[in-house]
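Novice: So I've got this file, work.txt, and it contains compact mmCIF, N, CA and C atoms:
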# COMPACT_ATOMS: atom_id res chain seq x y z
N MET A 1301 -124.22 54.53 -195.15
CA MET A 1301 -123.50 53.29 -195.33
C MET A 1301 -124.29 52.15 -194.67
N SER A 1302 -124.43 51.08 -195.36
CA SER A 1302 -125.15 49.93 -194.85
C SER A 1302 -124.39 49.26 -193.72
N LYS A 1303 -125.14 48.71 -192.78
CA LYS A 1303 -124.57 47.96 -191.67
C LYS A 1303 -125.07 46.53 -191.73
N THR A 1304 -124.26 45.61 -191.26
CA THR A 1304 -124.63 44.21 -191.21
C THR A 1304 -124.94 43.84 -189.77
N ILE A 1305 -126.06 43.15 -189.58
CA ILE A 1305 -126.41 42.67 -188.24
C ILE A 1305 -126.71 41.18 -188.32
N THR A 1306 -126.59 40.52 -187.19
CA THR A 1306 -126.96 39.11 -187.09
C THR A 1306 -128.30 39.05 -186.38
N LEU A 1307 -129.21 38.31 -186.94
CA LEU A 1307 -130.56 38.21 -186.40
C LEU A 1307 -130.90 36.74 -186.20
N ARG A 1308 -131.23 36.37 -184.97
CA ARG A 1308 -131.59 34.98 -184.70
C ARG A 1308 -133.11 34.90 -184.64
N ILE A 1309 -133.69 34.11 -185.54
CA ILE A 1309 -135.15 33.95 -185.58
C ILE A 1309 -135.49 32.47 -185.67
N SER A 1310 -136.71 32.15 -185.33
CA SER A 1310 -137.14 30.75 -185.40
C SER A 1310 -137.28 30.31 -186.85
N GLU A 1311 -137.31 29.03 -187.05
CA GLU A 1311 -137.49 28.47 -188.40
C GLU A 1311 -138.81 28.93 -189.00
N ASP A 1312 -139.87 28.98 -188.17
CA ASP A 1312 -141.18 29.43 -188.65
C ASP A 1312 -141.14 30.88 -189.12
N HIS A 1313 -140.47 31.74 -188.34
CA HIS A 1313 -140.36 33.13 -188.74
C HIS A 1313 -139.52 33.27 -190.02
N TYR A 1314 -138.46 32.50 -190.10
CA TYR A 1314 -137.63 32.53 -191.30
C TYR A 1314 -138.45 32.16 -192.53
N GLU A 1315 -139.24 31.10 -192.41
CA GLU A 1315 -140.07 30.68 -193.54
C GLU A 1315 -141.11 31.74 -193.90
N ALA A 1316 -141.65 32.42 -192.89
CA ALA A 1316 -142.63 33.49 -193.15
C ALA A 1316 -141.96 34.64 -193.89
N PHE A 1317 -140.76 35.04 -193.45
CA PHE A 1317 -140.03 36.09 -194.16
C PHE A 1317 -139.66 35.66 -195.57
N LYS A 1318 -139.26 34.41 -195.71
CA LYS A 1318 -138.88 33.88 -197.02
C LYS A 1318 -140.08 33.92 -197.97
N LYS A 1319 -141.24 33.53 -197.48
CA LYS A 1319 -142.46 33.55 -198.29
C LYS A 1319 -142.81 34.99 -198.68
N TYR A 1320 -142.75 35.90 -197.71
CA TYR A 1320 -143.04 37.31 -198.00
C TYR A 1320 -142.06 37.84 -199.04
N ALA A 1321 -140.78 37.56 -198.87
CA ALA A 1321 -139.75 38.04 -199.80
C ALA A 1321 -140.02 37.52 -201.20
N ARG A 1322 -140.38 36.26 -201.30
CA ARG A 1322 -140.65 35.66 -202.60
C ARG A 1322 -141.84 36.36 -203.29
N THR A 1323 -142.91 36.61 -202.52
CA THR A 1323 -144.10 37.23 -203.12
C THR A 1323 -143.83 38.69 -203.51
N GLU A 1324 -142.89 39.35 -202.82
CA GLU A 1324 -142.56 40.74 -203.11
C GLU A 1324 -141.35 40.86 -204.04
N ASN A 1325 -140.83 39.71 -204.49
CA ASN A 1325 -139.67 39.65 -205.37
C ASN A 1325 -138.48 40.41 -204.76
N ARG A 1326 -138.21 40.09 -203.49
CA ARG A 1326 -137.11 40.72 -202.75
C ARG A 1326 -136.21 39.64 -202.16
N LYS A 1327 -135.01 40.06 -201.78
CA LYS A 1327 -134.16 39.19 -200.98
C LYS A 1327 -134.71 39.20 -199.55
N ILE A 1328 -134.44 38.16 -198.79
CA ILE A 1328 -134.95 38.08 -197.42
C ILE A 1328 -134.46 39.26 -196.59
N SER A 1329 -133.20 39.62 -196.73
CA SER A 1329 -132.66 40.73 -195.94
C SER A 1329 -133.40 42.03 -196.25
N ASN A 1330 -133.72 42.26 -197.52
CA ASN A 1330 -134.44 43.46 -197.90
C ASN A 1330 -135.88 43.41 -197.40
N ALA A 1331 -136.49 42.24 -197.43
CA ALA A 1331 -137.86 42.10 -196.93
C ALA A 1331 -137.92 42.40 -195.43
N ILE A 1332 -136.97 41.88 -194.67
CA ILE A 1332 -136.94 42.13 -193.23
C ILE A 1332 -136.72 43.61 -192.97
N GLU A 1333 -135.79 44.24 -193.70
CA GLU A 1333 -135.53 45.67 -193.52
C GLU A 1333 -136.78 46.49 -193.85
N THR A 1334 -137.43 46.17 -194.96
CA THR A 1334 -138.63 46.89 -195.37
C THR A 1334 -139.73 46.77 -194.33
N LEU A 1335 -139.98 45.56 -193.85
CA LEU A 1335 -141.02 45.36 -192.83
C LEU A 1335 -140.66 46.05 -191.52
N ALA A 1336 -139.40 46.01 -191.14
CA ALA A 1336 -138.97 46.68 -189.91
C ALA A 1336 -139.16 48.19 -190.02
N MET A 1337 -138.82 48.77 -191.16
CA MET A 1337 -138.98 50.21 -191.34
C MET A 1337 -140.45 50.62 -191.34
N LYS A 1338 -141.31 49.80 -191.94
CA LYS A 1338 -142.76 50.09 -191.91
C LYS A 1338 -143.27 50.09 -190.48
N GLN A 1339 -142.83 49.10 -189.70
CA GLN A 1339 -143.25 49.03 -188.30
C GLN A 1339 -142.71 50.20 -187.50
N LEU A 1340 -141.48 50.59 -187.76
CA LEU A 1340 -140.88 51.73 -187.07
C LEU A 1340 -141.65 53.01 -187.37
N GLU A 1341 -142.02 53.20 -188.62
CA GLU A 1341 -142.80 54.38 -188.99
C GLU A 1341 -144.15 54.40 -188.27
N LYS A 1342 -144.79 53.24 -188.16
CA LYS A 1342 -146.08 53.16 -187.46
C LYS A 1342 -145.92 53.46 -185.97
N ALA A 1343 -144.77 53.10 -185.42
CA ALA A 1343 -144.54 53.26 -183.98
C ALA A 1343 -144.23 54.69 -183.58
N GLN A 1344 -143.83 55.50 -184.53
CA GLN A 1344 -143.51 56.89 -184.20
C GLN A 1344 -144.79 57.65 -183.88
N LEU A 1345 -144.69 58.58 -182.92
CA LEU A 1345 -145.87 59.30 -182.46
C LEU A 1345 -146.34 60.37 -183.42
N THR A 1346 -145.45 60.96 -184.15
CA THR A 1346 -145.85 62.04 -185.05
C THR A 1346 -145.30 61.80 -186.45
N GLU A 1347 -145.98 62.38 -187.40
CA GLU A 1347 -145.48 62.37 -188.77
C GLU A 1347 -144.32 63.36 -188.84
N GLU A 1348 -143.49 63.23 -189.86
CA GLU A 1348 -142.32 64.11 -189.98
C GLU A 1348 -142.72 65.58 -190.04
N TYR A 1349 -143.77 65.90 -190.80
CA TYR A 1349 -144.18 67.30 -190.91
C TYR A 1349 -144.70 67.84 -189.58
N GLU A 1350 -145.32 66.96 -188.76
CA GLU A 1350 -145.79 67.40 -187.44
C GLU A 1350 -144.61 67.70 -186.52
N THR A 1351 -143.61 66.85 -186.56
CA THR A 1351 -142.41 67.05 -185.75
C THR A 1351 -141.73 68.36 -186.13
N GLU A 1352 -141.63 68.61 -187.43
CA GLU A 1352 -141.01 69.86 -187.89
C GLU A 1352 -141.80 71.06 -187.39
N GLY A 1353 -143.13 70.96 -187.41
CA GLY A 1353 -143.98 72.04 -186.92
C GLY A 1353 -143.78 72.30 -185.44
N ILE A 1354 -143.68 71.23 -184.67
CA ILE A 1354 -143.46 71.36 -183.23
C ILE A 1354 -142.11 72.00 -182.95
N LEU A 1355 -141.07 71.50 -183.61
CA LEU A 1355 -139.72 71.99 -183.36
C LEU A 1355 -139.50 73.42 -183.83
N SER A 1356 -140.32 73.89 -184.77
CA SER A 1356 -140.16 75.26 -185.25
C SER A 1356 -141.00 76.27 -184.47
N ASP A 1357 -141.82 75.79 -183.54
CA ASP A 1357 -142.69 76.67 -182.74
C ASP A 1357 -142.01 76.99 -181.41
N GLU A 1358 -141.28 78.12 -181.37
CA GLU A 1358 -140.51 78.50 -180.18
C GLU A 1358 -141.40 78.64 -178.94
N ASN A 1359 -142.59 79.23 -179.11
CA ASN A 1359 -143.50 79.41 -177.98
C ASN A 1359 -143.90 78.06 -177.40
N LEU A 1360 -144.24 77.12 -178.26
CA LEU A 1360 -144.63 75.78 -177.81
C LEU A 1360 -143.47 75.10 -177.09
N LEU A 1361 -142.27 75.20 -177.64
CA LEU A 1361 -141.11 74.58 -177.01
C LEU A 1361 -140.84 75.15 -175.62
N GLU A 1362 -141.00 76.45 -175.47
CA GLU A 1362 -140.81 77.08 -174.16
C GLU A 1362 -141.86 76.58 -173.16
N ARG A 1363 -143.11 76.44 -173.63
CA ARG A 1363 -144.17 75.94 -172.75
C ARG A 1363 -143.93 74.48 -172.37
N ILE A 1364 -143.42 73.69 -173.30
CA ILE A 1364 -143.09 72.30 -172.99
C ILE A 1364 -141.98 72.23 -171.96
N LYS A 1365 -140.93 73.03 -172.16
CA LYS A 1365 -139.82 73.07 -171.19
C LYS A 1365 -140.30 73.48 -169.82
N ALA A 1366 -141.19 74.50 -169.77
CA ALA A 1366 -141.73 74.94 -168.48
C ALA A 1366 -142.54 73.83 -167.84
N GLY A 1367 -143.32 73.12 -168.62
CA GLY A 1367 -144.11 72.01 -168.11
C GLY A 1367 -143.25 70.88 -167.57
N VAL A 1368 -142.18 70.58 -168.27
CA VAL A 1368 -141.26 69.54 -167.81
C VAL A 1368 -140.63 69.95 -166.49
N LYS A 1369 -140.23 71.22 -166.39
CA LYS A 1369 -139.64 71.71 -165.13
C LYS A 1369 -140.65 71.62 -164.00
N GLN A 1370 -141.90 72.03 -164.26
CA GLN A 1370 -142.94 71.94 -163.23
C GLN A 1370 -143.15 70.49 -162.79
N ALA A 1371 -143.14 69.59 -163.74
CA ALA A 1371 -143.32 68.18 -163.41
C ALA A 1371 -142.18 67.67 -162.53
N LYS A 1372 -140.95 68.06 -162.89
CA LYS A 1372 -139.79 67.64 -162.09
C LYS A 1372 -139.86 68.22 -160.68
N ASP A 1373 -140.33 69.47 -160.59
CA ASP A 1373 -140.43 70.13 -159.29
C ASP A 1373 -141.73 69.77 -158.56
N LYS A 1374 -142.55 68.94 -159.19
CA LYS A 1374 -143.85 68.53 -158.64
C LYS A 1374 -144.71 69.74 -158.29
N LYS A 1375 -144.75 70.69 -159.23
CA LYS A 1375 -145.55 71.89 -159.07
C LYS A 1375 -146.52 71.99 -160.24
N GLY A 1376 -147.56 72.77 -160.05
CA GLY A 1376 -148.51 72.99 -161.14
C GLY A 1376 -149.63 71.98 -161.13
N ARG A 1377 -150.50 72.10 -162.10
CA ARG A 1377 -151.64 71.20 -162.23
C ARG A 1377 -151.37 70.29 -163.43
N PHE A 1378 -151.58 69.01 -163.24
CA PHE A 1378 -151.27 68.05 -164.28
C PHE A 1378 -152.50 67.25 -164.66
N GLU A 1379 -152.65 67.02 -165.93
CA GLU A 1379 -153.72 66.18 -166.45
C GLU A 1379 -153.10 65.15 -167.37
N VAL A 1380 -153.62 63.94 -167.30
CA VAL A 1380 -153.14 62.90 -168.18
C VAL A 1380 -154.03 62.89 -169.41
N ILE A 1381 -153.41 63.03 -170.56
CA ILE A 1381 -154.14 63.01 -171.82
C ILE A 1381 -153.54 61.91 -172.67
N VAL A 1382 -154.37 61.01 -173.12
CA VAL A 1382 -153.90 59.92 -173.96
C VAL A 1382 -154.14 60.30 -175.42
N LEU A 1383 -153.07 60.36 -176.18
CA LEU A 1383 -153.15 60.70 -177.59
C LEU A 1383 -153.06 59.43 -178.42
N ARG A 1384 -153.95 59.29 -179.32
CA ARG A 1384 -153.92 58.14 -180.23
C ARG A 1384 -153.69 58.69 -181.63
N PRO A 1385 -152.49 58.44 -182.19
CA PRO A 1385 -152.20 58.98 -183.52
C PRO A 1385 -153.11 58.38 -184.58
N THR A 1386 -153.47 59.19 -185.53
CA THR A 1386 -154.27 58.69 -186.64
C THR A 1386 -153.34 58.09 -187.67
N ARG A 1387 -153.76 57.05 -188.28
CA ARG A 1387 -152.96 56.37 -189.30
C ARG A 1387 -153.59 56.64 -190.66
N LYS A 1388 -152.72 56.82 -191.63
CA LYS A 1388 -153.19 57.05 -193.00
C LYS A 1388 -153.36 55.74 -193.72
Could the structure of this file be written out as structure tokens, please?
Specialist:
Amino acid sequence: MSKTITLRISEDHYEAFKKYARTENRKISNAIETLAMKQLEKAQLTEEYETEGILSDENLLERIKAGVKQAKDKKGRFEVIVLRPTRK
């Protein structure tokens, strides 16, 4: 079910959305929703199929839980690894 929200934006941003909507032959509300969803997808760390793979791997989930417990208990050896997702 669709939800209605109120969004306060500057006149410049409104005009930019209006221009984008016009070029894409969309209503402004649909253009904003489409752009927001694209940005949300980019912001997610994993693709849907990767998340499904992680959640279906019981061994991996147990190791993650153990690691979280060790971190909370300040035990074990920890390394910081920065992951940069690849974009298609």
Novice: Write out as a list in words the residues lying within 8 Å of stretch 1311-1320 of chain A, counting all atoms listed in the file and excluding same-chain residues fewer than 6 positions away.
Specialist: Arg1326, Lys1327, Ile1328, Ser1329, Ala1331 and Ile1332 of chain A
Novice: Please measure the separation of atom CA of A:Val1382 and atom CA of A:Gln1344, giving the value in Å to one decimal.
Specialist: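 Going from atom CA of A:Val1382 over to atom CA of A:Gln1344, I get 14.9 Å.
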Novice: Take atom CA of A:Gly1376 and atom CA of A:Leu1361 and report the distance between them in Å, one decimal.
Specialist: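 Between atom CA of A:Gly1376 and atom CA of A:Leu1361 the gap works out to 17.6 Å.
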Novice: Per DSSP on the backbone, what are the alpha helix (DSSP H) residues of chain A, as a PyMOL selection string?
Specialist: chain A and resi 1311-1323+1328-1343+1348-1355+1358-1372
Novice: For a test of reading the model, state the distance in Å between atom N of A:Ile1305 and atom CA of A:Glu1341, rounded to one decimal.
Specialist: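 Separating atom N of A:Ile1305 from atom CA of A:Glu1341 is a distance of 20.2 Å.
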Novice: Which neighbours of A:Asn1330 fall inside 12 Å, counting only C-alpha atoms, when residues of the same chain fewer than 5 positions from it are skipped, and could you give them as a ChimeraX atom specification?
Specialist: /A:1302,1304,1317-1318,1320-1322,1324-1325,1335-1337
